[in-house]
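structure_11.pdb (PDB, C-alpha atoms, pLDDT in the B column)
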```
ATOM      1  CA  MET A   1     -29.458  16.399  63.338  1.00 38.00           C
ATOM      2  CA  LYS A   2     -27.768  13.045  63.335  1.00 37.00           C
ATOM      3  CA  LYS A   3     -27.276  11.445  59.947  1.00 33.00           C
ATOM      4  CA  ILE A   4     -28.270   7.828  59.551  1.00 32.00           C
ATOM      5  CA  ARG A   5     -26.482   5.630  57.002  1.00 33.00           C
ATOM      6  CA  LEU A   6     -29.076   3.533  55.208  1.00 30.00           C
ATOM      7  CA  MET A   7     -28.151  -0.053  54.468  1.00 36.00           C
ATOM      8  CA  ASN A   8     -29.775  -3.113  53.023  1.00 41.00           C
ATOM      9  CA  ARG A   9     -28.907  -6.743  53.502  1.00 40.00           C
ATOM     10  CA  SER A  10     -26.158  -6.656  50.872  1.00 42.00           C
ATOM     11  CA  GLY A  11     -24.399  -3.544  52.131  1.00 45.00           C
ATOM     12  CA  TYR A  12     -24.820   0.184  51.586  1.00 41.00           C
ATOM     13  CA  TYR A  13     -28.027   1.586  50.191  1.00 46.00           C
ATOM     14  CA  GLY A  14     -28.205   1.415  46.409  1.00 49.00           C
ATOM     15  CA  ARG A  15     -26.022  -1.618  46.121  1.00 56.00           C
ATOM     16  CA  LYS A  16     -27.819  -4.522  44.482  1.00 60.00           C
ATOM     17  CA  PRO A  17     -27.530  -8.048  45.914  1.00 62.00           C
ATOM     18  CA  SER A  18     -24.956 -10.349  44.380  1.00 77.00           C
ATOM     19  CA  ARG A  19     -25.970 -11.920  41.070  1.00 85.00           C
ATOM     20  CA  SER A  20     -24.525 -14.933  39.270  1.00 91.00           C
ATOM     21  CA  TYR A  21     -23.480 -15.061  35.608  1.00 96.00           C
ATOM     22  CA  GLU A  22     -22.060 -17.543  33.149  1.00 96.00           C
ATOM     23  CA  GLY A  23     -19.638 -16.022  30.678  1.00 96.00           C
ATOM     24  CA  ILE A  24     -16.590 -16.097  28.429  1.00 97.00           C
ATOM     25  CA  ILE A  25     -13.818 -13.566  29.029  1.00 96.00           C
ATOM     26  CA  LEU A  26     -13.063 -11.383  26.006  1.00 97.00           C
ATOM     27  CA  THR A  27     -10.420  -9.013  27.373  1.00 96.00           C
ATOM     28  CA  VAL A  28      -8.562  -8.324  30.614  1.00 94.00           C
ATOM     29  CA  ARG A  29      -7.224  -4.802  30.991  1.00 93.00           C
ATOM     30  CA  LYS A  30      -5.157  -3.339  33.813  1.00 89.00           C
ATOM     31  CA  THR A  31      -6.395   0.118  34.828  1.00 85.00           C
ATOM     32  CA  SER A  32      -4.132   0.593  37.837  1.00 78.00           C
ATOM     33  CA  ALA A  33      -1.616  -1.260  39.953  1.00 70.00           C
ATOM     34  CA  LYS A  34      -4.443  -2.884  41.886  1.00 81.00           C
ATOM     35  CA  GLN A  35      -7.404  -3.049  39.507  1.00 89.00           C
ATOM     36  CA  LEU A  36      -8.457  -4.927  36.372  1.00 92.00           C
ATOM     37  CA  VAL A  37     -11.393  -4.476  34.019  1.00 95.00           C
ATOM     38  CA  VAL A  38     -12.591  -7.838  32.746  1.00 96.00           C
ATOM     39  CA  THR A  39     -14.858  -7.683  29.689  1.00 97.00           C
ATOM     40  CA  VAL A  40     -17.094 -10.752  29.672  1.00 97.00           C
ATOM     41  CA  LEU A  41     -19.663 -11.998  27.174  1.00 97.00           C
ATOM     42  CA  THR A  42     -22.361 -13.397  29.455  1.00 97.00           C
ATOM     43  CA  ARG A  43     -25.180 -15.751  28.606  1.00 96.00           C
ATOM     44  CA  GLN A  44     -27.632 -13.781  30.759  1.00 95.00           C
ATOM     45  CA  ALA A  45     -26.910 -10.132  29.866  1.00 95.00           C
ATOM     46  CA  GLY A  46     -24.566  -9.871  26.880  1.00 95.00           C
ATOM     47  CA  ILE A  47     -21.315  -7.976  27.388  1.00 96.00           C
ATOM     48  CA  LEU A  48     -20.429  -6.805  30.915  1.00 95.00           C
ATOM     49  CA  HIS A  49     -17.396  -4.846  32.081  1.00 95.00           C
ATOM     50  CA  VAL A  50     -16.485  -6.148  35.526  1.00 95.00           C
ATOM     51  CA  LEU A  51     -14.051  -4.589  37.994  1.00 93.00           C
ATOM     52  CA  ALA A  52     -11.677  -6.916  39.806  1.00 90.00           C
ATOM     53  CA  ARG A  53      -8.730  -6.363  42.093  1.00 81.00           C
ATOM     54  CA  ARG A  54      -5.522  -7.851  40.723  1.00 69.00           C
ATOM     55  CA  SER A  55      -5.209  -9.753  43.990  1.00 62.00           C
ATOM     56  CA  THR A  56      -8.567 -11.395  43.182  1.00 56.00           C
ATOM     57  CA  GLN A  57      -6.947 -14.161  41.172  1.00 56.00           C
ATOM     58  CA  GLY A  58      -6.432 -17.173  43.365  1.00 54.00           C
ATOM     59  CA  LYS A  59      -8.076 -15.595  46.424  1.00 58.00           C
ATOM     60  CA  MET A  60     -11.737 -15.132  45.427  1.00 65.00           C
ATOM     61  CA  GLY A  61     -11.971 -17.983  42.967  1.00 71.00           C
ATOM     62  CA  TYR A  62     -10.243 -20.627  40.892  1.00 79.00           C
ATOM     63  CA  GLY A  63      -8.310 -20.236  37.640  1.00 82.00           C
ATOM     64  CA  ALA A  64      -6.558 -17.329  35.947  1.00 84.00           C
ATOM     65  CA  LEU A  65      -8.615 -14.508  34.437  1.00 89.00           C
ATOM     66  CA  THR A  66      -7.492 -14.774  30.797  1.00 90.00           C
ATOM     67  CA  PRO A  67      -9.088 -14.124  27.389  1.00 92.00           C
ATOM     68  CA  LEU A  68     -11.408 -16.844  26.049  1.00 94.00           C
ATOM     69  CA  ALA A  69     -11.627 -18.541  29.442  1.00 93.00           C
ATOM     70  CA  GLU A  70     -15.071 -19.791  30.448  1.00 94.00           C
ATOM     71  CA  MET A  71     -16.165 -18.453  33.796  1.00 94.00           C
ATOM     72  CA  THR A  72     -19.021 -18.572  36.261  1.00 95.00           C
ATOM     73  CA  PHE A  73     -18.970 -15.600  38.599  1.00 95.00           C
ATOM     74  CA  ASP A  74     -20.853 -13.393  41.042  1.00 94.00           C
ATOM     75  CA  VAL A  75     -20.876  -9.602  41.077  1.00 93.00           C
ATOM     76  CA  PHE A  76     -22.202  -6.745  43.162  1.00 90.00           C
ATOM     77  CA  GLU A  77     -23.741  -3.933  41.153  1.00 90.00           C
ATOM     78  CA  LYS A  78     -23.907  -0.294  42.204  1.00 89.00           C
ATOM     79  CA  ASP A  79     -24.712   2.667  39.936  1.00 87.00           C
ATOM     80  CA  GLY A  80     -24.170   0.503  36.879  1.00 87.00           C
ATOM     81  CA  VAL A  81     -20.726  -0.655  38.040  1.00 91.00           C
ATOM     82  CA  TYR A  82     -20.145  -4.394  38.395  1.00 93.00           C
ATOM     83  CA  THR A  83     -17.587  -5.617  40.934  1.00 92.00           C
ATOM     84  CA  LEU A  84     -16.383  -9.201  40.938  1.00 92.00           C
ATOM     85  CA  THR A  85     -16.888 -11.080  44.198  1.00 89.00           C
ATOM     86  CA  GLU A  86     -16.444 -14.789  43.451  1.00 90.00           C
ATOM     87  CA  TYR A  87     -15.568 -16.769  40.337  1.00 92.00           C
ATOM     88  CA  ASP A  88     -14.616 -20.150  38.908  1.00 92.00           C
ATOM     89  CA  CYS A  89     -12.614 -19.912  35.684  1.00 90.00           C
ATOM     90  CA  ARG A  90     -11.692 -22.566  33.100  1.00 86.00           C
ATOM     91  CA  SER A  91      -8.599 -21.223  31.352  1.00 79.00           C
ATOM     92  CA  ASN A  92      -7.913 -22.015  27.710  1.00 75.00           C
ATOM     93  CA  GLN A  93      -4.729 -24.087  27.813  1.00 76.00           C
ATOM     94  CA  ARG A  94      -4.099 -23.748  24.062  1.00 75.00           C
ATOM     95  CA  LEU A  95      -3.570 -19.995  24.363  1.00 78.00           C
ATOM     96  CA  ARG A  96      -0.411 -20.629  26.386  1.00 79.00           C
ATOM     97  CA  GLU A  97       1.060 -22.683  23.541  1.00 83.00           C
ATOM     98  CA  LEU A  98       0.179 -20.471  20.581  1.00 85.00           C
ATOM     99  CA  THR A  99       2.693 -18.785  18.316  1.00 87.00           C
ATOM    100  CA  TRP A 100       2.549 -14.993  18.052  1.00 89.00           C
ATOM    101  CA  ASP A 101       0.394 -15.229  14.906  1.00 91.00           C
ATOM    102  CA  GLY A 102      -1.881 -17.737  16.630  1.00 91.00           C
ATOM    103  CA  TYR A 103      -2.387 -15.445  19.604  1.00 92.00           C
ATOM    104  CA  ILE A 104      -3.161 -12.535  17.261  1.00 94.00           C
ATOM    105  CA  TYR A 105      -5.836 -14.611  15.530  1.00 96.00           C
ATOM    106  CA  SER A 106      -7.523 -15.212  18.877  1.00 95.00           C
ATOM    107  CA  GLN A 107      -7.523 -11.457  19.479  1.00 96.00           C
ATOM    108  CA  ILE A 108      -8.843 -10.792  15.963  1.00 97.00           C
ATOM    109  CA  PHE A 109     -11.899 -12.877  16.765  1.00 98.00           C
ATOM    110  CA  VAL A 110     -12.370 -11.113  20.095  1.00 98.00           C
ATOM    111  CA  GLU A 111     -12.189  -7.737  18.331  1.00 98.00           C
ATOM    112  CA  MET A 112     -14.786  -8.849  15.780  1.00 98.00           C
ATOM    113  CA  VAL A 113     -17.131  -9.911  18.571  1.00 98.00           C
ATOM    114  CA  LEU A 114     -16.701  -6.584  20.362  1.00 97.00           C
ATOM    115  CA  PHE A 115     -17.409  -4.695  17.110  1.00 97.00           C
ATOM    116  CA  MET A 116     -20.453  -6.720  16.069  1.00 96.00           C
ATOM    117  CA  ALA A 117     -22.144  -7.829  19.305  1.00 93.00           C
ATOM    118  CA  GLY A 118     -25.416  -6.171  20.236  1.00 85.00           C
ATOM    119  CA  GLY A 119     -26.273  -4.722  23.609  1.00 80.00           C
ATOM    120  CA  GLY A 120     -28.232  -7.553  25.211  1.00 88.00           C
ATOM    121  CA  ALA A 121     -28.179 -11.288  25.756  1.00 92.00           C
ATOM    122  CA  ASP A 122     -27.776 -13.383  22.611  1.00 95.00           C
ATOM    123  CA  GLU A 123     -27.793 -17.142  23.095  1.00 95.00           C
ATOM    124  CA  VAL A 124     -26.630 -17.892  19.539  1.00 96.00           C
ATOM    125  CA  LEU A 125     -23.703 -15.477  19.774  1.00 97.00           C
ATOM    126  CA  TYR A 126     -22.735 -16.867  23.161  1.00 97.00           C
ATOM    127  CA  ASP A 127     -22.721 -20.420  21.797  1.00 97.00           C
ATOM    128  CA  LEU A 128     -20.588 -19.380  18.802  1.00 97.00           C
ATOM    129  CA  VAL A 129     -17.943 -17.779  21.021  1.00 97.00           C
ATOM    130  CA  ARG A 130     -17.915 -20.816  23.296  1.00 95.00           C
ATOM    131  CA  LEU A 131     -17.538 -23.158  20.305  1.00 95.00           C
ATOM    132  CA  TYR A 132     -14.682 -21.010  19.015  1.00 96.00           C
ATOM    133  CA  SER A 133     -12.873 -20.995  22.364  1.00 93.00           C
ATOM    134  CA  ARG A 134     -13.024 -24.777  22.488  1.00 91.00           C
ATOM    135  CA  ALA A 135     -12.233 -25.368  18.800  1.00 91.00           C
ATOM    136  CA  ILE A 136      -8.922 -23.507  18.946  1.00 90.00           C
ATOM    137  CA  GLU A 137      -7.711 -26.101  21.423  1.00 84.00           C
ATOM    138  CA  LEU A 138      -8.001 -28.744  18.697  1.00 85.00           C
ATOM    139  CA  LYS A 139      -7.848 -27.140  15.245  1.00 88.00           C
ATOM    140  CA  ASP A 140      -5.902 -24.624  13.153  1.00 91.00           C
ATOM    141  CA  ILE A 141      -6.630 -21.283  14.812  1.00 94.00           C
ATOM    142  CA  ARG A 142      -6.371 -19.264  11.606  1.00 94.00           C
ATOM    143  CA  ILE A 143      -8.996 -21.342   9.796  1.00 94.00           C
ATOM    144  CA  VAL A 144     -11.220 -21.511  12.878  1.00 95.00           C
ATOM    145  CA  THR A 145     -11.039 -17.708  13.206  1.00 97.00           C
ATOM    146  CA  ILE A 146     -12.092 -17.161   9.585  1.00 97.00           C
ATOM    147  CA  ILE A 147     -14.950 -19.656   9.914  1.00 97.00           C
ATOM    148  CA  ALA A 148     -16.203 -18.147  13.172  1.00 98.00           C
ATOM    149  CA  GLY A 149     -15.825 -14.632  11.769  1.00 98.00           C
ATOM    150  CA  TRP A 150     -18.073 -15.279   8.787  1.00 98.00           C
ATOM    151  CA  GLN A 151     -20.580 -17.108  10.981  1.00 98.00           C
ATOM    152  CA  LEU A 152     -20.547 -14.084  13.285  1.00 98.00           C
ATOM    153  CA  MET A 153     -21.481 -11.858  10.332  1.00 98.00           C
ATOM    154  CA  ALA A 154     -24.281 -14.251   9.428  1.00 98.00           C
ATOM    155  CA  LEU A 155     -25.848 -14.413  12.880  1.00 96.00           C
ATOM    156  CA  THR A 156     -25.698 -10.625  13.300  1.00 95.00           C
ATOM    157  CA  GLY A 157     -27.640 -10.224  10.058  1.00 95.00           C
ATOM    158  CA  PHE A 158     -24.904  -8.713   7.868  1.00 97.00           C
ATOM    159  CA  LEU A 159     -24.078 -11.640   5.590  1.00 97.00           C
ATOM    160  CA  PRO A 160     -24.747 -10.729   1.940  1.00 96.00           C
ATOM    161  CA  ASP A 161     -26.254 -13.140  -0.583  1.00 97.00           C
ATOM    162  CA  ILE A 162     -23.150 -15.132  -1.464  1.00 98.00           C
ATOM    163  CA  ASP A 163     -24.455 -16.102  -4.911  1.00 97.00           C
ATOM    164  CA  THR A 164     -24.945 -12.486  -6.001  1.00 96.00           C
ATOM    165  CA  ALA A 165     -22.577 -10.475  -3.779  1.00 97.00           C
ATOM    166  CA  ARG A 166     -20.469  -7.895  -5.625  1.00 97.00           C
ATOM    167  CA  VAL A 167     -16.994  -7.113  -4.289  1.00 97.00           C
ATOM    168  CA  PHE A 168     -15.062  -3.948  -5.118  1.00 97.00           C
ATOM    169  CA  CYS A 169     -11.450  -3.146  -4.335  1.00 95.00           C
ATOM    170  CA  GLN A 170      -8.774  -0.477  -4.249  1.00 92.00           C
ATOM    171  CA  GLY A 171      -5.293   0.080  -2.785  1.00 89.00           C
ATOM    172  CA  GLN A 172      -3.726  -2.350  -0.337  1.00 86.00           C
ATOM    173  CA  GLY A 173      -5.041  -3.428   3.057  1.00 85.00           C
ATOM    174  CA  TYR A 174      -4.972  -6.480   5.315  1.00 81.00           C
ATOM    175  CA  CYS A 175      -2.935  -9.573   4.418  1.00 77.00           C
ATOM    176  CA  ARG A 176      -1.266  -7.721   1.523  1.00 80.00           C
ATOM    177  CA  GLN A 177      -4.584  -7.736  -0.300  1.00 85.00           C
ATOM    178  CA  PRO A 178      -6.583  -4.759  -1.618  1.00 90.00           C
ATOM    179  CA  VAL A 179      -9.131  -2.928   0.505  1.00 94.00           C
ATOM    180  CA  TYR A 180     -12.408  -4.707  -0.200  1.00 96.00           C
ATOM    181  CA  TYR A 181     -15.966  -3.427  -0.094  1.00 96.00           C
ATOM    182  CA  ILE A 182     -19.244  -5.333  -0.587  1.00 97.00           C
ATOM    183  CA  ASP A 183     -22.143  -3.436  -2.152  1.00 94.00           C
ATOM    184  CA  ASP A 184     -24.837  -3.627  -4.834  1.00 90.00           C
ATOM    185  CA  GLU A 185     -23.389  -0.688  -6.748  1.00 89.00           C
ATOM    186  CA  ARG A 186     -19.799   0.264  -7.501  1.00 88.00           C
ATOM    187  CA  PRO A 187     -18.442   2.811  -5.002  1.00 87.00           C
ATOM    188  CA  GLU A 188     -16.529   5.758  -6.394  1.00 86.00           C
ATOM    189  CA  ASN A 189     -12.861   5.072  -7.215  1.00 87.00           C
ATOM    190  CA  MET A 190     -13.248   1.306  -6.752  1.00 92.00           C
ATOM    191  CA  LYS A 191     -13.141  -1.412  -9.377  1.00 94.00           C
ATOM    192  CA  GLU A 192     -15.208  -4.593  -9.279  1.00 95.00           C
ATOM    193  CA  LEU A 193     -13.479  -7.877  -8.551  1.00 95.00           C
ATOM    194  CA  PRO A 194     -15.266 -10.819 -10.216  1.00 95.00           C
ATOM    195  CA  LEU A 195     -15.642 -13.748  -7.814  1.00 96.00           C
ATOM    196  CA  THR A 196     -14.934 -17.227  -9.115  1.00 96.00           C
ATOM    197  CA  PRO A 197     -17.323 -20.137  -8.430  1.00 96.00           C
ATOM    198  CA  SER A 198     -14.570 -21.627  -6.251  1.00 96.00           C
ATOM    199  CA  VAL A 199     -14.466 -18.533  -4.006  1.00 97.00           C
ATOM    200  CA  ARG A 200     -18.239 -18.453  -3.642  1.00 97.00           C
ATOM    201  CA  GLN A 201     -18.347 -22.155  -2.785  1.00 96.00           C
ATOM    202  CA  THR A 202     -15.562 -21.797  -0.199  1.00 97.00           C
ATOM    203  CA  TRP A 203     -17.437 -18.827   1.292  1.00 97.00           C
ATOM    204  CA  LYS A 204     -20.566 -20.968   1.689  1.00 97.00           C
ATOM    205  CA  THR A 205     -18.515 -23.774   3.217  1.00 95.00           C
ATOM    206  CA  LEU A 206     -17.191 -21.420   5.897  1.00 96.00           C
ATOM    207  CA  VAL A 207     -20.607 -19.993   6.733  1.00 97.00           C
ATOM    208  CA  HIS A 208     -22.242 -23.415   7.016  1.00 96.00           C
ATOM    209  CA  TYR A 209     -19.365 -25.249   8.661  1.00 94.00           C
ATOM    210  CA  PRO A 210     -20.792 -27.678  11.294  1.00 93.00           C
ATOM    211  CA  TRP A 211     -18.900 -27.302  14.573  1.00 91.00           C
ATOM    212  CA  GLY A 212     -17.849 -30.568  16.152  1.00 83.00           C
ATOM    213  CA  THR A 213     -17.622 -32.482  12.891  1.00 79.00           C
ATOM    214  CA  GLN A 214     -14.814 -34.978  12.461  1.00 75.00           C
ATOM    215  CA  GLU A 215     -14.857 -34.627   8.676  1.00 73.00           C
ATOM    216  CA  THR A 216     -11.964 -32.900   6.926  1.00 74.00           C
ATOM    217  CA  VAL A 217     -12.906 -29.758   5.027  1.00 77.00           C
ATOM    218  CA  ASN A 218     -10.780 -29.121   1.945  1.00 81.00           C
ATOM    219  CA  LEU A 219     -10.210 -25.423   1.247  1.00 87.00           C
ATOM    220  CA  ARG A 220      -8.109 -23.745  -1.431  1.00 92.00           C
ATOM    221  CA  MET A 221      -5.537 -21.582   0.349  1.00 93.00           C
ATOM    222  CA  ALA A 222      -5.833 -18.795  -2.234  1.00 94.00           C
ATOM    223  CA  ASP A 223      -9.593 -18.619  -1.664  1.00 96.00           C
ATOM    224  CA  LEU A 224      -9.100 -18.703   2.101  1.00 95.00           C
ATOM    225  CA  LYS A 225      -6.564 -15.871   2.006  1.00 94.00           C
ATOM    226  CA  PHE A 226      -8.940 -13.717  -0.025  1.00 96.00           C
ATOM    227  CA  LEU A 227     -11.940 -14.461   2.216  1.00 97.00           C
ATOM    228  CA  GLU A 228      -9.834 -13.673   5.288  1.00 96.00           C
ATOM    229  CA  ALA A 229      -8.998 -10.188   4.005  1.00 95.00           C
ATOM    230  CA  LEU A 230     -12.579  -9.704   2.792  1.00 97.00           C
ATOM    231  CA  LEU A 231     -13.858 -10.605   6.264  1.00 98.00           C
ATOM    232  CA  TYR A 232     -11.770  -8.006   8.090  1.00 97.00           C
ATOM    233  CA  ASN A 233     -12.724  -5.290   5.621  1.00 96.00           C
ATOM    234  CA  TYR A 234     -16.392  -6.245   5.812  1.00 97.00           C
ATOM    235  CA  VAL A 235     -16.345  -6.039   9.616  1.00 98.00           C
ATOM    236  CA  ASN A 236     -14.968  -2.502   9.217  1.00 96.00           C
ATOM    237  CA  GLN A 237     -17.662  -1.691   6.664  1.00 96.00           C
ATOM    238  CA  CYS A 238     -20.564  -2.992   8.756  1.00 97.00           C
ATOM    239  CA  SER A 239     -19.372  -1.702  12.132  1.00 96.00           C
ATOM    240  CA  GLU A 240     -18.112   1.626  10.746  1.00 95.00           C
ATOM    241  CA  ARG A 241     -14.974   1.116  12.794  1.00 96.00           C
ATOM    242  CA  GLN A 242     -11.396   0.092  12.002  1.00 95.00           C
ATOM    243  CA  MET A 243     -10.014  -3.228  13.223  1.00 96.00           C
ATOM    244  CA  LYS A 244      -6.488  -2.969  14.619  1.00 94.00           C
ATOM    245  CA  THR A 245      -5.408  -6.521  15.439  1.00 95.00           C
ATOM    246  CA  PRO A 246      -5.038  -7.844  11.844  1.00 94.00           C
ATOM    247  CA  GLU A 247      -2.264  -5.295  11.339  1.00 91.00           C
ATOM    248  CA  LEU A 248      -0.221  -7.182  13.949  1.00 91.00           C
ATOM    249  CA  LEU A 249      -0.037 -10.351  11.882  1.00 86.00           C
ATOM    250  CA  VAL A 250       3.407 -11.377  10.756  1.00 61.00           C
ATOM    251  CA  ALA A 251       3.590 -10.949   6.951  1.00 49.00           C
ATOM    252  CA  ARG A 252       3.232 -14.303   5.257  1.00 48.00           C
ATOM    253  CA  GLY A 253       4.720 -15.103   1.946  1.00 42.00           C
TER     254      GLY A 253
END
```

Output the file's structure in the form of structure tokens.
Amino acid sequence: MKKIRLMNRSGYYGRKPSRSYEGIILTVRKTSAKQLVVTVLTRQAGILHVLARRSTQGKMGYGALTPLAEMTFDVFEKDGVYTLTEYDCRSNQRLRELTWDGYIYSQIFVEMVLFMAGGGADEVLYDLVRLYSRAIELKDIRIVTIIAGWQLMALTGFLPDIDTARVFCQGQGYCRQPVYYIDDERPENMKELPLTPSVRQTWKTLVHYPWGTQETVNLRMADLKFLEALLYNYVNQCSERQMKTPELLVARG
């Protein structure tokens, strides 16, 4: 009996027609000599992992596929696998000019998004990542990363009450600061760290920072350093995972 290969208008049976997305690239990973996996936060469907041939760049679209680039693109989907067909990518020029520490900060934010993002479309999260990707072209990337990180915790529902939050600490962790933990009751083998009014006010300033403002925000560097380390530890606490990128930061005096 002769076998018949079933096809639809887009190709072989089971392959869904091409669909368009708007997104921001989070990571680009090489899986073989010829293939990339591009992780994209899309406006329409949340995070997608898209396959692309390395020869795709410059032949099926415009712009380099790089982290924090804004992209519109089409994919074919088959058996839950998304394959890139066409794209138009706006690369982030600032990333090419960053110091090593600056580049690490951009990857810290990407890691936080990957840890904390939910499974579906989230318009508020998408807008925050887009604002971040554009802000680092104009402002101090370290401060922007800390601001966006705390706002990420707020929009995902994990921000504690800043006025009453209790912080506990032990040992040494990120940024040469202790390992921090936020809770209502003291965890075993941890001591409580009283928070000054200045720290709490700086914390609120970060969470409520208005993107696009031209006003200068004055922050105490000691408070900022503490809230940076607290942020990374709190992401670990809430996600029940361990961030890796902060460990790559060059030690600062």

Selection result for the PyMOL selection byres ((chain A and resi 109) around 12) on this file, as a PyMOL selection string: chain A and resi 26-27+67-68+102-108+110-117+128-130+132-133+136+141-153+228+231-232+235+243-246

Of the listed residues A:Arg94, A:Arg43, A:Arg19, A:Arg53, that which approaches A:Phe73 most closely, counting all atoms listed in the file: A:Arg19

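Using the PyMOL selection byres ((chain A and resi 36) around 12) on this structure selects Thr27, Val28, Arg29, Lys30, Thr31, Ser32, Ala33, Lys34, Gln35, Val37, Val38, Thr39, His49, Val50, Leu51, Ala52, Arg53, Arg54, Ser55, Thr56, Gln57, Leu65, Thr66, Tyr82, Thr83 and Leu84 of chain A.
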
Pairwise distance for atom CA of A:Ala64 and atom CA of A:Ile25, rounded to one decimal in Å: 10.7 Å

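Of note, atom CA of A:Gln214 and atom CA of A:Asp127 are spaced 19.0 Å apart.
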
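Take the candidates A:Glu123, A:Asp184, A:Glu192, A:Glu215 and check each one against A:Glu22 using all atoms listed in the file; the shortest distance goes to A:Glu123.
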
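Atom CA of A:Tyr234 lies 20.7 Å from atom CA of A:Arg220.
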
Nearest candidate to A:Leu155 (options A:Lys225, A:Arg90, A:Arg134, A:His208; using all atoms listed in the file): A:His208

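Closest approach to A:Ala121 among A:Ala69, A:Ala45, A:Leu227, A:Val199 is made by A:Ala45 (distances from all atoms listed in the file).
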
Hits of the PyMOL selection byres ((chain A and resi 160-174) around 8) in this structure, as number ranges by chain: A: 158-159, 175-187, 189-195, 200, 203-204, 229, 232-233, 246-247

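Distance annotation: of A:Ile24, A:Leu125, A:Leu230, A:Leu219, the residue with the minimal separation from A:Asp88 is A:Ile24; atom set is all atoms listed in the file.
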
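For the set A:Thr196, A:Gly120, A:Glu70, A:Asp101, the residue with the smallest atom-to-atom gap to A:Leu48 is A:Gly120, counting all atoms listed in the file.
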